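Chemist: Next up, structure.cif (mmCIF, C-alpha atoms and all ligand atoms).
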```cif
data_structure
loop_
_atom_site.label_atom_id
_atom_site.label_comp_id
_atom_site.auth_asym_id
_atom_site.auth_seq_id
_atom_site.Cartn_x
_atom_site.Cartn_y
_atom_site.Cartn_z
CA MET A 24 0.00 0.00 0.00
CA GLN A 25 2.79 2.41 0.96
CA ASN A 26 4.56 1.92 -2.35
CA LEU A 27 1.33 2.68 -4.11
CA GLN A 28 0.96 5.96 -2.17
CA SER A 29 4.46 7.11 -3.02
CA ASN A 30 3.76 6.52 -6.71
CA TYR A 31 1.28 9.36 -6.68
CA SER A 32 1.65 13.14 -6.93
CA PRO A 33 2.89 15.27 -3.98
CA LEU A 34 -0.54 16.92 -3.83
CA GLY A 35 -1.77 13.96 -1.81
CA THR A 36 0.74 14.65 0.96
CA LEU A 37 -0.38 18.16 1.89
CA SER A 38 -1.03 18.99 5.53
CA PRO A 39 -4.43 20.47 6.38
CA SER A 40 -4.53 24.17 7.32
CA VAL A 41 -3.89 24.43 11.08
CA THR A 42 -5.40 27.91 11.33
CA LEU A 43 -8.70 26.80 9.86
CA SER A 44 -8.89 23.62 11.92
CA LEU A 45 -8.10 25.40 15.21
CA ALA A 46 -10.69 28.09 14.53
CA ALA A 47 -13.19 25.35 13.74
CA ARG A 48 -12.31 23.53 16.98
CA ALA A 49 -12.86 26.71 19.02
CA LYS A 50 -16.25 27.22 17.36
CA GLU A 51 -17.15 23.61 18.11
CA LEU A 52 -16.28 23.90 21.80
CA LYS A 53 -18.24 27.14 22.05
CA LYS A 54 -21.26 25.39 20.58
CA GLN A 55 -21.00 22.88 23.40
CA GLY A 56 -21.50 25.74 25.84
CA LEU A 57 -17.89 26.04 27.01
CA ASP A 58 -16.51 29.48 27.72
CA VAL A 59 -13.78 29.29 25.09
CA TYR A 60 -11.95 32.41 23.99
CA SER A 61 -10.27 32.38 20.65
CA MET A 62 -7.46 34.56 19.44
CA SER A 63 -6.81 32.34 16.48
CA VAL A 64 -9.24 33.71 13.93
CA GLY A 65 -7.90 34.76 10.54
CA GLU A 66 -10.84 36.81 9.36
CA PRO A 67 -12.32 40.21 10.23
CA ASP A 68 -15.17 39.95 12.76
CA PHE A 69 -17.24 42.45 10.75
CA ASP A 70 -20.16 42.07 8.42
CA THR A 71 -19.75 42.76 4.69
CA PRO A 72 -20.70 46.40 3.96
CA GLN A 73 -24.34 46.80 2.93
CA ALA A 74 -23.59 48.38 -0.47
CA ILE A 75 -21.71 45.24 -1.50
CA LYS A 76 -24.48 42.94 -0.28
CA ASP A 77 -27.08 45.06 -2.10
CA ALA A 78 -25.12 44.83 -5.34
CA ALA A 79 -24.97 41.03 -5.04
CA ILE A 80 -28.72 40.80 -4.37
CA LYS A 81 -29.51 43.14 -7.27
CA THR A 82 -27.34 41.06 -9.61
CA LEU A 83 -29.07 37.86 -8.53
CA ASN A 84 -32.50 39.42 -9.02
CA GLU A 85 -31.47 40.52 -12.50
CA GLY A 86 -30.71 36.90 -13.31
CA LYS A 87 -26.99 37.37 -13.97
CA VAL A 88 -26.26 33.84 -12.90
CA GLY A 89 -24.45 32.25 -15.84
CA TYR A 90 -20.83 31.49 -16.71
CA ILE A 91 -18.63 34.40 -17.72
CA ALA A 92 -15.10 34.63 -19.17
CA SER A 93 -12.71 32.55 -17.11
CA SER A 94 -10.35 35.42 -16.34
CA GLY A 95 -13.16 37.55 -14.93
CA LEU A 96 -15.94 40.04 -15.54
CA PRO A 97 -14.68 42.82 -17.88
CA GLU A 98 -16.24 45.57 -15.72
CA LEU A 99 -14.49 44.26 -12.61
CA LYS A 100 -11.19 43.88 -14.45
CA ASP A 101 -11.47 47.54 -15.50
CA GLU A 102 -11.87 48.53 -11.83
CA ILE A 103 -8.87 46.38 -10.87
CA VAL A 104 -6.78 48.11 -13.55
CA LYS A 105 -7.81 51.51 -12.09
CA LYS A 106 -6.97 50.34 -8.57
CA MET A 107 -3.55 49.10 -9.68
CA ALA A 108 -2.88 52.53 -11.19
CA THR A 109 -3.33 54.01 -7.69
CA HIS A 110 -0.50 51.68 -6.60
CA GLY A 111 1.71 52.94 -9.44
CA ILE A 112 1.23 49.74 -11.45
CA LYS A 113 0.32 50.34 -15.07
CA THR A 114 -1.62 47.36 -16.36
CA THR A 115 -4.43 46.28 -18.68
CA PRO A 116 -7.44 43.94 -18.36
CA ASN A 117 -5.42 41.31 -20.25
CA ASN A 118 -3.06 41.13 -17.29
CA VAL A 119 -5.81 40.49 -14.73
CA VAL A 120 -7.23 37.14 -13.62
CA VAL A 121 -10.11 37.17 -11.11
CA THR A 122 -10.01 34.11 -8.86
CA THR A 123 -11.98 32.28 -6.17
CA GLY A 124 -10.12 34.02 -3.32
CA ALA A 125 -6.53 35.26 -3.17
CA LYS A 126 -5.62 31.75 -2.08
CA LEU A 127 -6.47 30.35 -5.49
CA ALA A 128 -4.59 33.21 -7.18
CA LEU A 129 -1.49 32.18 -5.23
CA PHE A 130 -2.02 28.48 -5.88
CA GLU A 131 -2.56 28.94 -9.61
CA THR A 132 0.45 31.24 -9.97
CA ILE A 133 2.79 28.80 -8.24
CA THR A 134 1.34 25.88 -10.22
CA ALA A 135 1.65 27.77 -13.51
CA LEU A 136 5.26 28.78 -12.84
CA CYS A 137 7.00 26.07 -10.87
CA GLY A 138 7.65 22.37 -10.98
CA LYS A 139 10.18 19.71 -10.05
CA GLY A 140 13.73 21.05 -9.83
CA ASP A 141 12.60 24.65 -9.27
CA GLU A 142 13.21 26.57 -6.05
CA VAL A 143 10.91 29.09 -4.40
CA ILE A 144 12.26 31.44 -1.73
CA VAL A 145 9.96 32.04 1.23
CA LEU A 146 10.66 34.45 4.07
CA ALA A 147 10.07 33.00 7.55
CA PRO A 148 7.89 33.51 9.52
CA TYR A 149 5.58 32.87 6.57
CA TRP A 150 1.89 32.24 5.99
CA LEU A 151 1.37 28.52 6.42
CA SER A 152 -0.23 27.85 3.05
CA TYR A 153 2.85 28.84 1.01
CA PRO A 154 4.86 25.67 1.79
CA GLU A 155 1.91 23.45 0.94
CA MET A 156 1.28 25.24 -2.34
CA ILE A 157 4.94 24.90 -3.28
CA LYS A 158 4.88 21.25 -2.30
CA ALA A 159 1.84 20.70 -4.51
CA SER A 160 3.68 22.16 -7.49
CA GLY A 161 6.59 19.75 -7.01
CA ALA A 162 9.06 22.63 -6.46
CA LYS A 163 11.35 23.01 -3.45
CA MET A 164 10.88 25.67 -0.78
CA VAL A 165 14.01 27.53 0.28
CA VAL A 166 13.49 29.30 3.59
CA VAL A 167 15.18 32.58 4.45
CA ASN A 168 14.76 33.38 8.13
CA THR A 169 14.09 36.92 9.25
CA LYS A 170 14.59 38.37 12.73
CA ALA A 171 12.28 40.30 15.04
CA GLU A 172 15.06 42.84 15.67
CA ASN A 173 15.06 43.63 11.91
CA ASP A 174 11.28 44.04 11.96
CA PHE A 175 11.10 40.67 10.19
CA ALA A 176 12.65 42.08 7.01
CA PRO A 177 15.14 39.85 5.16
CA THR A 178 18.77 40.92 4.79
CA LYS A 179 20.48 41.09 1.41
CA GLU A 180 23.20 38.70 2.58
CA ASP A 181 20.71 36.03 3.63
CA LEU A 182 18.80 36.34 0.36
CA GLN A 183 21.97 36.15 -1.71
CA LYS A 184 22.94 32.93 0.07
CA ALA A 185 19.58 31.39 -0.82
CA ILE A 186 19.59 32.26 -4.54
CA THR A 187 20.72 29.53 -6.95
CA SER A 188 20.41 28.94 -10.69
CA ASN A 189 17.18 27.03 -9.86
CA THR A 190 15.51 29.98 -8.12
CA LYS A 191 12.28 30.72 -9.99
CA LEU A 192 10.28 32.75 -7.53
CA ILE A 193 10.29 34.62 -4.24
CA ILE A 194 7.13 35.15 -2.22
CA VAL A 195 6.79 38.55 -0.57
CA ASN A 196 3.90 39.22 1.81
CA SER A 197 3.58 42.77 3.08
CA PRO A 198 1.72 43.52 5.32
CA SER A 199 2.57 40.07 6.58
CA ASN A 200 0.57 37.29 8.09
CA PRO A 201 1.79 36.32 10.70
CA THR A 202 4.30 39.07 11.64
CA GLY A 203 2.32 42.21 10.78
CA ALA A 204 5.53 43.59 9.22
CA VAL A 205 5.19 46.15 6.44
CA TYR A 206 8.31 46.28 4.30
CA SER A 207 10.02 49.58 3.65
CA LYS A 208 10.76 50.86 0.15
CA GLU A 209 14.46 50.05 0.72
CA THR A 210 13.72 46.40 1.56
CA LEU A 211 11.41 46.03 -1.45
CA GLN A 212 13.98 47.73 -3.71
CA MET A 213 16.68 45.34 -2.48
CA ILE A 214 14.45 42.32 -3.24
CA ALA A 215 13.51 43.79 -6.64
CA ASP A 216 17.17 44.37 -7.55
CA LEU A 217 18.04 40.76 -6.69
CA ALA A 218 15.08 39.46 -8.73
CA VAL A 219 16.02 41.56 -11.74
CA GLY A 220 19.73 40.74 -11.38
CA HIS A 221 19.10 36.99 -11.17
CA ASN A 222 16.04 36.95 -13.42
CA PHE A 223 13.49 35.30 -11.15
CA MET A 224 9.92 36.30 -10.49
CA VAL A 225 8.28 37.89 -7.44
CA LEU A 226 4.91 36.83 -6.07
CA SER A 227 3.65 39.76 -4.03
CA ASP A 228 0.77 38.84 -1.71
CA GLU A 229 -0.86 42.16 -0.80
CA ILE A 230 -4.10 40.84 0.73
CA TYR A 231 -3.61 42.93 3.94
CA GLU A 232 -2.80 46.12 2.03
CA LYS A 233 -5.63 48.14 3.57
CA LEU A 234 -4.90 47.06 7.14
CA ILE A 235 -2.04 49.34 8.17
CA TYR A 236 -2.28 51.29 11.43
CA ASP A 237 0.85 53.34 11.65
CA ASN A 238 0.48 56.68 9.85
CA SER A 239 4.19 56.82 9.16
CA VAL A 240 4.03 53.52 7.25
CA LYS A 241 2.80 53.25 3.67
CA HIS A 242 1.95 50.18 1.64
CA ILE A 243 4.15 49.88 -1.43
CA SER A 244 3.58 47.41 -4.25
CA ILE A 245 6.93 45.96 -5.28
CA GLY A 246 5.72 45.80 -8.89
CA SER A 247 5.53 49.61 -8.96
CA LEU A 248 9.22 50.20 -8.29
CA ASN A 249 10.42 50.16 -11.91
CA GLU A 250 9.56 48.71 -15.32
CA LYS A 251 11.96 45.78 -15.03
CA ILE A 252 10.49 44.49 -11.79
CA ALA A 253 6.97 45.11 -13.15
CA GLU A 254 7.70 42.48 -15.82
CA LEU A 255 8.73 39.97 -13.16
CA THR A 256 5.98 40.59 -10.60
CA ILE A 257 2.65 38.95 -9.95
CA THR A 258 0.57 41.09 -7.59
CA ILE A 259 -2.08 39.26 -5.59
CA ASN A 260 -4.96 40.91 -3.80
CA GLY A 261 -8.57 40.23 -2.87
CA PHE A 262 -11.67 41.27 -0.98
CA SER A 263 -11.62 38.95 2.06
CA LYS A 264 -9.73 41.10 4.55
CA ALA A 265 -10.39 44.67 3.40
CA TYR A 266 -14.15 44.29 2.93
CA ALA A 267 -14.92 41.49 5.40
CA MET A 268 -15.79 39.15 2.53
CA THR A 269 -13.94 35.96 3.50
CA GLY A 270 -16.86 33.68 2.68
CA TRP A 271 -17.55 35.33 -0.67
CA ARG A 272 -14.28 33.89 -2.02
CA LEU A 273 -12.98 36.54 -4.37
CA GLY A 274 -9.43 37.53 -5.19
CA TYR A 275 -7.38 38.49 -8.20
CA LEU A 276 -3.91 38.64 -9.64
CA VAL A 277 -2.12 40.97 -12.00
CA ALA A 278 0.65 39.32 -14.01
CA PRO A 279 2.69 39.80 -17.18
CA THR A 280 0.50 39.00 -20.22
CA TRP A 281 2.12 35.64 -21.02
CA LEU A 282 1.56 34.43 -17.46
CA ALA A 283 -1.96 35.84 -17.09
CA LYS A 284 -2.87 33.87 -20.23
CA ARG A 285 -1.34 30.72 -18.80
CA ILE A 286 -3.12 31.09 -15.47
CA SER A 287 -6.42 31.92 -17.15
CA ALA A 288 -6.16 28.71 -19.20
CA LEU A 289 -5.39 26.73 -16.05
CA GLN A 290 -8.36 28.30 -14.27
CA SER A 291 -10.67 27.62 -17.21
CA HIS A 292 -10.19 23.90 -16.52
CA ALA A 293 -10.40 24.22 -12.73
CA THR A 294 -13.15 26.58 -11.58
CA SER A 295 -14.22 28.09 -14.97
CA ASN A 296 -14.76 31.50 -13.40
CA ALA A 297 -15.03 32.98 -9.90
CA THR A 298 -18.72 33.29 -8.90
CA THR A 299 -20.40 35.69 -11.30
CA PHE A 300 -22.67 37.69 -8.97
CA VAL A 301 -19.85 38.08 -6.45
CA GLN A 302 -17.78 39.75 -9.15
CA TYR A 303 -20.57 42.26 -9.81
CA ALA A 304 -20.74 43.02 -6.08
CA ALA A 305 -16.98 43.52 -5.87
CA ILE A 306 -17.14 46.34 -8.43
CA VAL A 307 -18.98 48.40 -5.80
CA ALA A 308 -16.17 47.81 -3.29
CA LEU A 309 -13.48 49.00 -5.71
CA GLN A 310 -15.59 52.03 -6.59
CA GLY A 311 -15.24 53.11 -2.96
CA LYS A 312 -18.87 52.61 -1.98
CA ALA A 313 -17.85 50.71 1.17
CA ASP A 314 -15.04 53.05 2.20
CA THR A 315 -16.83 54.36 5.30
CA GLU A 316 -17.14 50.84 6.68
CA LEU A 317 -13.54 50.12 5.67
CA ASP A 318 -12.28 53.22 7.52
CA ASN A 319 -14.27 52.28 10.61
CA MET A 320 -12.90 48.75 10.52
CA VAL A 321 -9.31 49.97 10.24
CA LYS A 322 -9.84 52.41 13.14
CA THR A 323 -11.32 49.63 15.25
CA PHE A 324 -8.40 47.32 14.48
CA ALA A 325 -5.97 50.13 15.35
CA ARG A 326 -7.57 50.58 18.80
CA ARG A 327 -7.51 46.84 19.43
CA ARG A 328 -3.87 46.59 18.39
CA GLU A 329 -2.98 49.32 20.87
CA LEU A 330 -4.90 47.64 23.67
CA LEU A 331 -3.49 44.20 22.95
CA CYS A 332 0.11 45.46 22.81
CA LYS A 333 -0.38 47.39 26.08
CA LEU A 334 -1.70 44.27 27.83
CA LEU A 335 0.95 41.97 26.36
CA LYS A 336 3.66 44.21 27.79
CA GLU A 337 2.38 43.10 31.22
CA VAL A 338 3.20 39.44 30.45
CA PRO A 339 6.92 39.10 31.23
CA GLN A 340 7.23 35.61 29.72
CA ILE A 341 6.33 36.97 26.28
CA SER A 342 8.17 39.31 23.93
CA PHE A 343 6.83 40.82 20.73
CA ILE A 344 7.34 43.50 18.11
CA GLU A 345 4.46 45.91 17.69
CA PRO A 346 2.95 44.95 14.31
CA LYS A 347 2.37 47.67 11.72
CA GLY A 348 -0.34 45.90 9.73
CA ALA A 349 -2.70 42.90 9.31
CA PHE A 350 -4.43 41.86 12.59
CA TYR A 351 -1.97 39.59 14.33
CA VAL A 352 0.72 39.86 17.01
CA MET A 353 3.56 37.34 16.97
CA CYS A 354 4.47 36.46 20.53
CA ASN A 355 7.86 34.94 21.25
CA ILE A 356 7.39 32.34 23.98
CA SER A 357 10.94 30.98 24.12
CA LYS A 358 11.33 32.27 27.71
CA THR A 359 8.71 29.72 28.80
CA GLY A 360 10.90 26.88 27.51
CA LYS A 361 7.89 25.40 25.74
CA LYS A 362 7.39 24.47 22.12
CA ALA A 363 4.65 26.51 20.51
CA ALA A 364 2.40 23.48 19.89
CA ASP A 365 2.58 22.41 23.56
CA PHE A 366 2.09 25.98 24.74
CA ALA A 367 -1.05 26.37 22.61
CA GLN A 368 -2.46 23.01 23.60
CA GLU A 369 -1.93 23.52 27.34
CA LEU A 370 -3.33 27.03 27.13
CA LEU A 371 -6.49 25.67 25.54
CA GLU A 372 -6.82 22.86 28.06
CA GLN A 373 -6.09 24.94 31.16
CA LYS A 374 -7.52 28.34 30.28
CA LEU A 375 -9.87 27.68 27.36
CA LEU A 376 -7.98 30.10 25.14
CA THR A 377 -6.88 29.33 21.59
CA VAL A 378 -3.85 30.86 19.96
CA ILE A 379 -2.04 29.65 16.86
CA PRO A 380 1.23 27.77 17.40
CA CYS A 381 3.63 28.90 14.69
CA GLU A 382 5.61 25.76 13.85
CA SER A 383 3.85 25.60 10.50
CA PHE A 384 4.64 29.28 9.95
CA GLY A 385 8.35 28.47 10.19
CA ALA A 386 8.52 30.05 13.67
CA PRO A 387 8.50 27.36 16.39
CA GLU A 388 9.27 29.89 19.14
CA TYR A 389 6.14 31.89 18.46
CA VAL A 390 2.40 31.81 18.92
CA ARG A 391 0.18 34.12 16.87
CA LEU A 392 -2.60 36.12 18.49
CA SER A 393 -5.31 37.56 16.26
CA TYR A 394 -7.10 40.74 17.31
CA ALA A 395 -10.07 40.16 15.05
CA CYS A 396 -12.21 40.25 18.19
CA SER A 397 -13.72 42.84 20.57
CA GLU A 398 -11.79 44.83 23.18
CA GLU A 399 -13.63 43.01 25.97
CA HIS A 400 -12.61 39.73 24.39
CA ILE A 401 -8.98 40.86 24.21
CA LYS A 402 -9.00 41.86 27.90
CA GLU A 403 -10.36 38.50 29.04
CA ALA A 404 -8.06 36.54 26.71
CA ILE A 405 -4.92 38.29 27.91
CA LYS A 406 -6.01 37.88 31.53
CA ARG A 407 -6.12 34.12 30.87
CA LEU A 408 -2.81 34.18 29.00
CA LYS A 409 -1.19 36.07 31.89
CA GLU A 410 -2.52 33.59 34.44
CA PHE A 411 -1.32 30.68 32.33
CA CYS A 412 2.15 32.14 31.90
CA SER A 413 2.56 33.03 35.58
CA GLY A 414 1.77 29.40 36.43
CA LEU A 415 4.61 28.06 34.26
N1 LIG B 1 -2.63 35.49 1.85
C1 LIG B 1 -2.49 35.59 3.18
C2 LIG B 1 -1.19 36.05 3.73
C3 LIG B 1 -3.55 35.26 4.03
O1 LIG B 1 -3.41 35.37 5.35
C4 LIG B 1 -4.76 34.80 3.46
C5 LIG B 1 -5.89 34.38 4.32
O2 LIG B 1 -5.77 34.14 5.49
C6 LIG B 1 -4.85 34.71 2.08
C7 LIG B 1 -3.77 35.06 1.30
C8 LIG B 1 -6.10 34.17 1.40
O3 LIG B 1 -7.09 35.10 1.24
P1 LIG B 1 -8.47 34.71 0.53
O4 LIG B 1 -9.50 34.63 1.59
O5 LIG B 1 -8.75 35.85 -0.42
O6 LIG B 1 -8.30 33.44 -0.20
#
```
Just give me the structure as structure tokens.
Modeler:
Amino acid sequence: MQNLQSNYSPLGTLSPSVTLSLAARAKELKKQGLDVYSMSVGEPDFDTPQAIKDAAIKTLNEGKVGYIASSGLPELKDEIVKKMATHGIKTTPNNVVVTTGAKLALFETITALCGKGDEVIVLAPYWLSYPEMIKASGAKMVVVNTKAENDFAPTKEDLQKAITSNTKLIIVNSPSNPTGAVYSKETLQMIADLAVGHNFMVLSDEIYEKLIYDNSVKHISIGSLNEKIAELTITINGFSKAYAMTGWRLGYLVAPTWLAKRISALQSHATSNATTFVQYAAIVALQGKADTELDNMVKTFARRRELLCKLLKEVPQISFIEPKGAFYVMCNISKTGKKAADFAQELLEQKLLTVIPCESFGAPEYVRLSYACSEEHIKEAIKRLKEFCSGL
């Protein structure tokens, strides 16, 4: 039997997503009436803005329920092109592919570009789905570790050591899940120069672009830095985080024409097209009709981040860097002497609090706390965390 299994593609050996399964477990326990607090959730705890919902309902009532072009609705692609222009990326509808979530955009890009013998550079701590996507493509992941004291930005020396003649791609995620780091222009320029110099492509996951809390920090798309890097960059974005639309499953990518064509062909045999009425609704989001809700959400996250960081400073067993974006705080728990998985498990058992252990994020000394929850929730959760840590 085992021989038979190893005869088959690496896709069959993927690990399930820990973040999703832990969040599901917390929900399950809550349903049983237990007083479980979760700081593991990877989605905004907000409702989708009404204007977006209304547009979806209107589209459904108009009977726009059929297949459309695989790469996406032309009207939505036009809006994406306009949005990219605000990032300094000049593009055309032919470069855009609308996908079933940013996750699929990432998966399809890696699948379309990489295979056996290819290497993909990933910066640790990384989002846990990247390794699995790379594994599915048959390529090899090359990890470059980053340090908290460098704000989780990679150094040129470390990147240079990782580059080989097989390097095909580097994945850049700013703002980052899990670190909350937002890369400076200098860091992005350094990465772009290496990519251009060694002729490999850059996959820029910008899904948390709107969620930045520090006024002195600006989101920069690496593909906007110059024309050479524009030709090597795939920019990924979506609606899940900015517009509280995780369940709607809508994302997109902007790629050089040859690659957009390739990915569109791949998608035409996988999902055909991302859900038609959801694409109509997303136009409204890009036209700014949900910006009031977006601003309120960002302000709320900013207040929560401040509160969470203030409370975490009172837990001596934990150290952390104040995140600039996304909605997570990476907590270094090495002072407790525990592995992240054990820490998280014991915390859940003893204090009914879930956090994400970061082994599968390439950061075994960390647990990730999400502040996609109310201020009251944060206060109670950190009270439990403090009690747990003081008992160690
Ligand atoms: N990229 C990162 C870094 C994420 O954290 C997530 C979701 O958690 C995604 C992409 C996927 O987003 P979507 O819901 O659009 O598939």
Chemist: Given the choices A:Leu127, A:Met268, A:Ala349, A:Val378, which gets closest to Asp237 (chain A) if the distance is worked out from all atoms listed in the file?
Modeler: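 Once distances to Asp237 (chain A) are computed over all atoms listed in the file, the minimum belongs to A:Ala349.
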Chemist: Might you pull out every residue within 9 Å of Gly138 (chain A), with all atoms listed in the file counted and same-chain residues fewer than 5 positions away left off, and present them as an MDAnalysis selection string?
Modeler: chainID A and resid 133 157 159:163
Chemist: At a cut-off of 7 Å and counting only C-alpha atoms and all ligand atoms, what residues surround ligand LIG 1 (chain B)? Please answer as number ranges by chain.
Modeler: A: 65-66, 124-127, 150, 196, 199-200, 228, 230, 261-263, 269, 272-274
Chemist: Please, what distance in Å, to one decimal, runs between CA of Ile103 (chain A) and CA of Leu309 (chain A)?
Modeler: 7.4 Å
Chemist: So that I can check the surroundings of Ser239 (chain A), please list as a PyMOL selection string every protein, DNA and RNA residue that reaches within 12 Å of it, counting all atoms listed in the file and ignoring chain neighbours fewer than 4 positions away.
Modeler: chain A and resi 205+207+235+347-348
Chemist: Using C-alpha atoms, can you write the selected residues to a file as a JSON list (two decimals), keeping the file's coordinate frame?
Modeler:
```
[["chain", "number", "residue", "atom", "x", "y", "z"],
["A", 205, "VAL", "CA", 5.19, 46.15, 6.44],
["A", 207, "SER", "CA", 10.02, 49.58, 3.65],
["A", 235, "ILE", "CA", -2.04, 49.34, 8.17],
["A", 347, "LYS", "CA", 2.37, 47.67, 11.72],
["A", 348, "GLY", "CA", -0.34, 45.90, 9.73]]
```
Chemist: Please determine the residues with any atom at most 8 Å from (-2.8, 34.7, 26.0) (coordinates as given in the file, with only C-alpha atoms counting) and report them as a CSV table (one decimal) with C-alpha atoms, in the frame of the given file.
Modeler:
```csv
chain,number,residue,atom,x,y,z
A,370,LEU,CA,-3.3,27.0,27.1
A,376,LEU,CA,-8.0,30.1,25.1
A,378,VAL,CA,-3.8,30.9,20.0
A,392,LEU,CA,-2.6,36.1,18.5
A,404,ALA,CA,-8.1,36.5,26.7
A,405,ILE,CA,-4.9,38.3,27.9
A,406,LYS,CA,-6.0,37.9,31.5
A,407,ARG,CA,-6.1,34.1,30.9
A,408,LEU,CA,-2.8,34.2,29.0
A,409,LYS,CA,-1.2,36.1,31.9
A,411,PHE,CA,-1.3,30.7,32.3
```
Chemist: Report, in Å with one decimal, the straight-line distance from CA of Ala283 (chain A) to CA of Leu99 (chain A).
Modeler: 15.7 Å
Chemist: Which residue is closest to Ala215 (chain A)? Choose from A:Ile252, A:Val166, A:Leu96, A:Ile356 and count only C-alpha atoms.
Modeler: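 Of A:Ile252, A:Val166, A:Leu96, A:Ile356, the one nearest Ala215 (chain A) is A:Ile252, counting only C-alpha atoms.
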Chemist: Determine, using all atoms listed in the file, which residues of region 267-346 of chain A have any atom at most 8 Å from an atom of region 71-78 of chain A, and tabulate each with its shortest atom pair and distance in Å to one decimal place, rows ordered by chain and then rising number, as a tab-separated table.
Modeler:
```
residue	atom	partner	partner_atom	distance
A:Ala267	CA	A:Thr71	CA	5.0
A:Met268	CA	A:Thr71	CA	5.8
A:Tyr303	CA	A:Ala78	CA	6.9
A:Ala304	CA	A:Ala78	CA	4.8
A:Ala305	CA	A:Ile75	CA	6.7
A:Val307	CA	A:Ile75	CA	6.0
A:Ala308	CA	A:Ile75	CA	6.4
A:Lys312	CA	A:Ala74	CA	6.5
A:Ala313	CA	A:Pro72	CA	5.9
A:Glu316	CA	A:Pro72	CA	6.3
```
Chemist: Could you pull the residues within 12 Å of Lys170 (chain A), counting all atoms listed in the file, minus those fewer than 5 positions along the same chain, as a list in words?
Modeler: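 Result of the neighbour search: Leu146, Ala147, Pro148, Phe175, Ala176, Pro177, Thr178, Asp181, Thr202, Ala204, Phe343, Ile344, Met353, Asn355, Gly385, Ala386 and Glu388 of chain A.
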Chemist: Nearest to Ala265 (chain A) among A:Val145, A:Met320, A:Ile194, A:Leu129, with distances taken over all atoms listed in the file: which residue is it?
Modeler: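 Looking only at the distances to Ala265 (chain A), the closest residue turns out to be A:Met320.
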Chemist: Please measure the separation of CA of Ser291 (chain A) and CA of Asn118 (chain A), giving the value in Å to one decimal.
Modeler: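 One can read the CA of Ser291 (chain A) to CA of Asn118 (chain A) distance as 15.5 Å.
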